[in-house]
Structures are given as C-alpha cells and as structure tokens.
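The structure appears right after this line, and notes come after that.
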Amino acid sequence: MKVRKSIAKKSITLLLSSFMSVVSLLPSVSLAEKAEPAAKETPFPPSANTFSALALPNGQIGNEHIKAQIDGYGRFNMGIKDLGSADHWYNIIYSWPSAPGTSFTTVKVDGMDQVYGNNAAFTTPPWNVDDTTNEAVWKTGDISVKQVLQTALNPATGIPDAVKVRYTMTNTGTQNHEVGLRMMIDTMVNGNDSAPFKVPTATGIESVNYEKNYIGDQVPAFWQAFQDFNAPDISSQYTMKGDDATGPDRFTIANWNSIRNTLWDYAITENRQTGDSAVGMWWNPKTLAPGETRTITTYYGRPGVGGNQTLVLSGRQRLSYPEWSTSPMNLIAYINNNLGSTLTGVTVKVVPGPGLSLVDNDAVHSVGNLPVGTNAQTTWRVKPTAEGVHELTVNAYRDGQAQPFATATYQVEALAPVVPPNITLGGNRGNQSDGTPVAGRTAPLTVNASFDNPRAIGVTLIAKDATGDQYQAEMTTTNGVDWTITFTPSQVGLWETPLSIKIIPRYPNNQTGPPLNFDIVLIDPSGIVYNAAQGDQNVWPPPGATVVLQYHDPELNAWVNMSEEAYPGRLNPITNPQTTGDDGRYAWDTAAGDYRVVVSRPGFQSATSRGCPCAACRNGLARGPDAYGSCGPRPRRQRCSRWRNV
C-alpha cells in the first residue's frame, strides 16, 4: 500500500509575556478577614531539584472571576471571586493565595505510582504561556504527562469562571504501557478546611460531610463544596462529566489527613466524618500503544448561583444552541432556614418567564418542615424554547402563608445557533465542537436556504475568506421556497479559513430581509491511499483503509497520535483516525508542525509516510515535490504541500 500525502499547514504566532509583566497584570486579591489556616505538611514532598516552588515568579494565572497558583512542581490551588462583594475573593483549594502543595496528582504506569512533578523529571517545567494558561511537561519512563491549567468557560455557568485542568499522557516508547491517573484535592472554601459537600445522585442532591465512595455509574457529573450549608452562595463546583470533561472511574469524599498518605489505593472508613475534607478522583489504567495519547479534562470553579442567603438557585447560566435545543438543564434550589424560627410545611414554586418551560410540569415542590439552622434542596428540569436571555423566579412559602418568605430570580442565556435554523449544508465534513461546520477547499459545497413566510423573490449568497477574497452568486429555486447553490471554494478563488457566508433574501417592492451570517472552516483534501501494485497512474484506491494522523511533538521529541483533547484547535476535522471511502481520500487541515500518516487495511501491508516538516511554510515559504521543488517565495494561495510515496 502506498500513501499520497499533502497536508496543509498554517503559520502560528506565540506571544510570550515576561515573568514580571505577567505578575503585574494580575489584580490584587482581598480575602475575608479570617484566621490564617494552620500550616500543613506537604504530602510526598519532592526531592531537592532545580525547580524551587519559590522560584516560579509567573506561577499565577487568572481573570476577573477565578485565579490559580502553580508552584515549581506543578502543584496548584485556586480562589474565586465572591459575587456578593466588590473585592472579596475566597479559596476553594487549601490554602490559596498561599503557596500550594497539599494537593497532588498521581500517575500510575505499569503498576508503579509516582507523584506528578517529583523526581526532577520535567522536560518543560511549569511556565505561564499567558495570563490565563500554565503548562508543564513531566516524564516517567516512556510516559510523558502534560499538565495544562487554563481559565475556561465553566460547564456549570457558561461563563469563564472555572479553571480547566487537563492532563495528556503520551506513550513515547515502542511498547504498550498501562497508564492511569489519580487527583487528590485538598478542599477549602473561604477558609473552612472542613468544607462539606453536595453531590447529585439518581434520587436527588445529597449533603455529605463524611467519607463516601462513588464507583462506576454512581460517579456524579459534578460535586459542590461549601463554606457552610447555611451559606450556599459561598461555594465551588467541580465538573467531572459533560462537554469535554472526562468522567472518572471512582470519586471519593475523604479525610485529608488519611488520603494524603496514599498514592493510589485508599479505603474509606464508612460514615466517618471528614473533618479536614478532601476528594479523590481516579481514572483507572488503560493500555496506551506507542504514540497513543490519553487526555483527562475536568473543570473547577463557581457554581451557577443566584438569590440570597435564604434561597439560593444554582444551574447553567449560558447554554449553546446544541445544548438547549436538545436537552433540559437542571435548576437546583437551596433553602436555608436562617430566619430564627421553624418553617413548617415549606413549598417552593418556580415561575418560568417567557422563553423557558418546565419539562416535567412540576412547578410546585414540597420541602416539609425546616427547623432553625437546617437546609434542604430541590431540583427542576428547565428548557429554553428560544434564544436570548430568559429569567425565572422561585418563591418559597411556609404553610398557610400567601406571601413568600424568600424569593430568588435567575437568568439563563440561550445562545443563537452558529448556522441559522433555516440553513442546511451539503458537502460539509461535520462540525467543530462549537457547531461551526467544516467543508473542503477543493470539494463542492452546497448551501440550502428556505424562505416561506414571507416568500423571497431572490436570494444572494456572498462568501468571503479570511484574506478578503469574495465570491457572490444568486441562489436558485424550483418551488419559490427552497433555494440552493453549489460551488467549490478553491475554484471561485476562496482558500483561507474561515469562510464567512452571508445570505440575503429579497422581497417584492425592493425590500431585503435581514442577512443570515455564519462561518465555515475550510480544510484541504489531503491525500489518497492507493494500491502500490497498480502503479502511479489510474490507481485503484482501496476503500476501508484506516489512516492515523501523527504529529511530531517537539516537547516530547516523539511521534504521537493527534487528538483534539491532546492538541486542541490544531486540526480539522477532529476525527482521528479516518476511514477512507471509495475514493481513497483522507483529509485534515493542521496547524504548523511536522506530521505523518500511518495507514493500515486488512489484507495489505501497513505503511507510514515520511514526515512532512513545514518550517518553510512557517517562514512564509512553500516547498514543492521533492523531485522538483526547493524553497522559494510563497505565491499567494499556493498551498504548502509535499507529495511523498511510501
């Protein structure tokens, strides 16, 4: 089997801030006046090495919502801003903003456990890529582990008030290895080192301040930690499932003084009070073949909260179109009796505003009696019915009272779809994670649009690429309602991604409707798999070949399988491997770098292409076929490609 290969590359620019400038850009932090937490010993302290925790001047990242601090060994802690105060921040991992060290991550390789960051094994020590991202690469044997901490959109709220914690484990050797991960977080909320938890289960939300295991299907999508159950607005949420989060095989609420002495195995004491609380999250070992990666992603930040100290609402605050159009969100109400007398016969009622509906038609929930100082919670399933910002109200009543003793409002933003609902595409190659469609530069693209009420008398399509080149044409119709056009971007002079599409309907009396706008990511058809025995002319392309795209990671000095989890934003489409069809083609568009493909098919000998170094492309040059070309000035629209036979 041979591989004909042409993979597009784009130049990228990295802006690296100096250590001092990074620090100066981070605003000062004010904590509530609380007693300084007692100092703790660092579990499994690193042996002396060249990376001192005190020698990392750029170890803080963050934004106006959340901050994380990372030491020279990769250990970290976090704090978030109190929504109820102009300048109050509070810690959610012990004991931010003091130096981290009491939480740590364990990497298990072939049954051996090691603490991430120990043993002077950094190939890239922790450093700030920018004000919002810290990266480090640490290695144990053949396994390289990249830790990335980055402020990100919070799955709990939809706004950037969480830190994404991502570990990418790569087998850089030539043999299979069994690789797993455990994270241990020393929880602390606003100075409370015995923070209690709320955990969603199949029967509701349970309050937990004792050791407890959640295994397999029992592992929740998230957990919340609180300063106090009576102050539910001072809290945090750790997201373990949903979106791109990687659900663990086990989640455990634990006593820190006990779990800190373990690297992997930990047996809880049933119903023992946590005291100094902590959590463990386990991702059991899996086999990594040479070049294979495994990525684990979680998020820690603020819960979606609103209301007051008596009635607090928690849920998503921003939802993408694919999220809200297909499934409901959970709205949790926390009721806290801080009113000085027993509340009897408590009920709570949700009143959705325009644009929101109740999935189960269960507006009123009964909570029962609440003695002074106790709390309860209940959950509704709510679904937006239209895009926009929608508001709902929850009222809490005591038995026999017409007026609520507590009221809270909550806003949910339902984002518009990337592609308008009356637009469909043909010839596209799927979508990115945010819903942006992907299409080929040199393949036909069909755009369909429907205009029924009112009916359009004409529809104009304007397509413009990233360099400003434009293609304009009239769409056609056979029934006056459904309009269509087919064009190949490269054949009409459009090369650079993204491709911006504007569709303008026209109506009688020279009236035009609002234009419909959306983007398309363009990729190259990057190669053909063919049968070497047939020669180079009129070859038979065997369908059903598996094509794996590999990237030569300079940090690891190894070829690794590309994935969106390990290298976000570097390839389109994100499917890897691909399976060829009848035409034998495979297609990716990639960021600048060195790439190769590995091809296999039953009944054929596997093949690996030679690497395609695109330094010339990154320097504004293009390289032609080896037999003919050499580096030279890159003409406009010339693709950087290299054709090789294996």
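As shown in the structure tokens, the chain order sets the letters A, B, ...; within each chain, residues go from 1, and ligands are also counted from 1 in the order they appear.
When DSSP reads the backbone of this structure, the residues of segment 283-387 of chain A it assigns to alpha helix (DSSP H) are Tyr321, Pro322, Glu323, Trp324, Ser325 and Thr326 of chain A.
Ranking A:Gly216, A:Gly173, A:Pro328, A:Pro437 by their shortest atom-to-atom distance to Pro420 of chain A, with only C-alpha atoms included, puts A:Pro437 first.
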- Hey, which of A:Ser606, A:Asn337, A:Thr203, A:Asn261 ends up closest to Phe44 of chain A? Count only C-alpha atoms.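 Among A:Ser606, A:Asn337, A:Thr203, A:Asn261, it is A:Asn261 that comes nearest to Phe44 of chain A.
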- Item | Atomic distance atom CA of Thr168 of chain A - atom CA of Val107 of chain A, expressed in Å with one decimal |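 Between atom CA of Thr168 of chain A and atom CA of Val107 of chain A the gap is 11.1 Å.
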With the cut-off set at 12 Å and counting only C-alpha atoms, tabulate each residue of segment 318-378 of chain A with an atom at most that distance from an atom of segment 148-162 of chain A, showing the nearest atom pair and its distance in Å to one decimal, ordered by chain and increasing number, as a Markdown table.
```
| residue | atom | partner | partner_atom | distance |
| --- | --- | --- | --- | --- |
| A:Arg318 | CA | A:Gly158 | CA | 4.2 |
| A:Leu319 | CA | A:Gly158 | CA | 6.3 |
| A:Ser320 | CA | A:Gly158 | CA | 8.4 |
| A:Glu323 | CA | A:Pro155 | CA | 10.9 |
| A:Trp324 | CA | A:Gly158 | CA | 12.0 |
| A:Met329 | CA | A:Ala156 | CA | 10.1 |
| A:Asn330 | CA | A:Ala156 | CA | 10.2 |
| A:Leu331 | CA | A:Ala156 | CA | 10.9 |
| A:Ile332 | CA | A:Ala156 | CA | 11.8 |
```
- Message: Can you pull out the residues contacting Ala99 of chain A? Cut-off 9 Å, using only C-alpha atoms, and skip same-chain residues under 2 positions away; I want them as a ChimeraX atom specification.
- Response: /A:53-54,69-71,76-77,94-97,101
For N, CA and C atoms, I'd like the residues from the last selection saved as a short mmCIF file (atom, residue, chain, number, x, y, z; two decimals), in the first residue's frame.
```cif
data_model
loop_
_atom_site.label_atom_id
_atom_site.label_comp_id
_atom_site.auth_asym_id
_atom_site.auth_seq_id
_atom_site.Cartn_x
_atom_site.Cartn_y
_atom_site.Cartn_z
N ALA A 53 9.75 25.86 44.37
CA ALA A 53 8.43 26.49 44.35
C ALA A 53 8.53 27.99 44.53
N LEU A 54 9.57 28.44 45.23
CA LEU A 54 9.72 29.88 45.44
C LEU A 54 10.37 30.56 44.24
N GLN A 69 -2.91 29.26 41.38
CA GLN A 69 -1.49 29.43 41.67
C GLN A 69 -0.80 28.09 41.51
N ILE A 70 0.31 28.07 40.79
CA ILE A 70 1.02 26.84 40.48
C ILE A 70 2.46 26.97 40.96
N ASP A 71 2.97 25.95 41.66
CA ASP A 71 4.35 26.03 42.11
C ASP A 71 5.28 25.35 41.11
N PHE A 76 -1.01 22.88 42.57
CA PHE A 76 -1.76 24.12 42.39
C PHE A 76 -2.87 24.24 43.43
N ASN A 77 -3.34 25.48 43.60
CA ASN A 77 -4.55 25.76 44.36
C ASN A 77 -5.30 26.89 43.68
N TYR A 94 -7.01 24.41 49.45
CA TYR A 94 -6.09 24.85 50.50
C TYR A 94 -4.77 25.31 49.89
N SER A 95 -4.14 26.41 50.43
CA SER A 95 -4.79 27.48 51.15
C SER A 95 -4.51 28.76 50.37
N TRP A 96 -5.02 28.76 49.14
CA TRP A 96 -4.86 29.92 48.27
C TRP A 96 -5.23 31.19 49.02
N PRO A 97 -4.49 32.33 48.85
CA PRO A 97 -3.39 32.54 47.90
C PRO A 97 -2.01 32.21 48.45
N GLY A 101 0.58 22.96 47.59
CA GLY A 101 1.44 21.83 47.95
C GLY A 101 0.71 20.68 48.60
#
```
- Item | Selected residue of minimal separation from Ala254 of chain A among A:Pro196, A:Gly345, A:Gly191, A:Gly301, counting only C-alpha atoms | A:Pro196
- Query: What lies within 12 Å of Gly275 of chain A using only C-alpha atoms, ignoring chain neighbours under 6 positions off, as JSON, numbers by chain?
  - Reply: {"A": [186, 187, 188, 192, 193, 194, 195, 196, 197, 208, 209, 210, 211, 253, 254, 255, 256, 257, 258]}
Could the residues in this selection be saved with C-alpha atoms as a short mmCIF file (atom, residue, chain, number, x, y, z; two decimals), in the first residue's frame?
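Okay, again07.cif is ready:
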```cif
data_model
loop_
_atom_site.label_atom_id
_atom_site.label_comp_id
_atom_site.auth_asym_id
_atom_site.auth_seq_id
_atom_site.Cartn_x
_atom_site.Cartn_y
_atom_site.Cartn_z
CA ASP A 186 -7.42 19.35 49.50
CA THR A 187 -10.71 21.25 49.59
CA MET A 188 -11.12 24.52 51.46
CA ASN A 192 -13.12 26.37 56.05
CA ASP A 193 -10.75 23.42 55.82
CA SER A 194 -13.63 21.06 56.71
CA ALA A 195 -15.78 22.11 53.77
CA PRO A 196 -18.91 19.91 53.37
CA PHE A 197 -20.25 18.68 50.03
CA VAL A 208 -22.21 14.79 52.61
CA ASN A 209 -19.70 15.62 55.37
CA TYR A 210 -18.49 12.05 55.87
CA GLU A 211 -16.31 9.66 53.89
CA ILE A 253 -15.03 12.17 49.65
CA ALA A 254 -12.28 11.65 52.19
CA ASN A 255 -10.42 12.84 55.25
CA TRP A 256 -7.34 14.70 54.04
CA ASN A 257 -5.09 13.51 56.86
CA SER A 258 -5.77 9.92 55.76
#
```
- Task: Tell me, as a ChimeraX atom specification, which residues lie within 7 Å of Ile574 of chain A, counting only C-alpha atoms; anything in the same chain fewer than 3 positions away does not count.
- Result: /A:563-564,571
Once you have the residues from the selection above, write them out as a PDB file, in the first residue's frame, restricted to all heavy atoms.
```pdb
ATOM      1  N   SER A 563      -5.017  14.391  18.504  1.00  0.00           N
ATOM      2  CA  SER A 563      -6.385  14.370  19.017  1.00  0.00           C
ATOM      3  C   SER A 563      -6.743  15.779  19.452  1.00  0.00           C
ATOM      4  O   SER A 563      -5.875  16.575  19.826  1.00  0.00           O
ATOM      5  CB  SER A 563      -6.536  13.400  20.187  1.00  0.00           C
ATOM      6  OG  SER A 563      -5.845  13.881  21.327  1.00  0.00           O
ATOM      7  N   GLU A 564      -8.027  16.079  19.414  1.00  0.00           N
ATOM      8  CA  GLU A 564      -8.500  17.393  19.860  1.00  0.00           C
ATOM      9  C   GLU A 564      -8.245  17.573  21.347  1.00  0.00           C
ATOM     10  O   GLU A 564      -7.957  18.674  21.804  1.00  0.00           O
ATOM     11  CB  GLU A 564      -9.994  17.537  19.550  1.00  0.00           C
ATOM     12  CG  GLU A 564     -10.636  18.813  20.088  1.00  0.00           C
ATOM     13  CD  GLU A 564     -10.134  20.076  19.421  1.00  0.00           C
ATOM     14  OE1 GLU A 564      -9.450  19.988  18.378  1.00  0.00           O
ATOM     15  OE2 GLU A 564     -10.418  21.171  19.951  1.00  0.00           O
ATOM     16  N   LEU A 571      -6.269  20.749  14.592  1.00  0.00           N
ATOM     17  CA  LEU A 571      -6.633  20.002  13.400  1.00  0.00           C
ATOM     18  C   LEU A 571      -8.134  20.070  13.163  1.00  0.00           C
ATOM     19  O   LEU A 571      -8.924  20.189  14.095  1.00  0.00           O
ATOM     20  CB  LEU A 571      -6.185  18.541  13.488  1.00  0.00           C
ATOM     21  CG  LEU A 571      -7.025  17.547  14.313  1.00  0.00           C
ATOM     22  CD1 LEU A 571      -6.686  16.128  13.914  1.00  0.00           C
ATOM     23  CD2 LEU A 571      -6.774  17.730  15.802  1.00  0.00           C
TER      24      LEU A 571
END
```
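Considering the residues A:Pro322, A:Ala221, A:Thr310, A:Pro354 and counting only C-alpha atoms, Phe405 of chain A has its shortest atom-to-atom contact with A:Thr310.
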- Task: Quick one: everything within 12 Å of Pro46 of chain A, counting only C-alpha atoms, minus sequence neighbours fewer than 6 positions away in the same chain. Send it as a PyMOL selection string.
- Result: chain A and resi 52-53+71-75+101-102+104+114-121
Write out, as a compact mmCIF listing (two decimals), in the first residue's frame, the residues just selected, with C-alpha atoms.
```
# COMPACT_ATOMS: atom_id res chain seq x y z
CA SER A 52 12.02 25.52 43.55
CA ALA A 53 8.43 26.49 44.35
CA ASP A 71 4.35 26.03 42.11
CA GLY A 72 7.55 24.78 40.52
CA TYR A 73 6.45 21.15 40.89
CA GLY A 74 3.12 21.62 39.15
CA ARG A 75 1.01 21.53 42.32
CA GLY A 101 1.44 21.83 47.95
CA THR A 102 -1.17 19.86 49.90
CA PHE A 104 -1.21 16.34 44.29
CA GLN A 114 4.62 8.40 41.09
CA VAL A 115 3.60 11.91 42.14
CA TYR A 116 3.39 14.30 39.22
CA GLY A 117 6.27 16.78 39.41
CA ASN A 118 8.56 14.73 41.65
CA ASN A 119 12.00 13.30 40.85
CA ALA A 120 13.22 16.23 38.74
CA ALA A 121 11.58 14.71 35.68
```
- Message: Residues within 10 Å of Asp244 of chain A, please, as a VMD selection string. Count only C-alpha atoms; anything in the same chain fewer than 3 positions from it doesn't count.
- Response: chain A and resid 155 240 to 241 247 296 to 299 433 564 to 565
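Atom CA of Asn510 of chain A lies 28.5 Å from atom CA of Pro417 of chain A.
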- Item | Point-to-point distance in Å for atom CA of Tyr586 of chain A and atom CA of Leu445 of chain A |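 Those two atoms sit 17.2 Å apart.
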- Message: Please determine, counting only C-alpha atoms, which residue among A:Gln491, A:Asn361, A:Ser47, A:Asn336 has the shortest atom-to-atom distance to Tyr471 of chain A.
- Response: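 Answer, going by the shortest atom-to-atom distance: A:Gln491.
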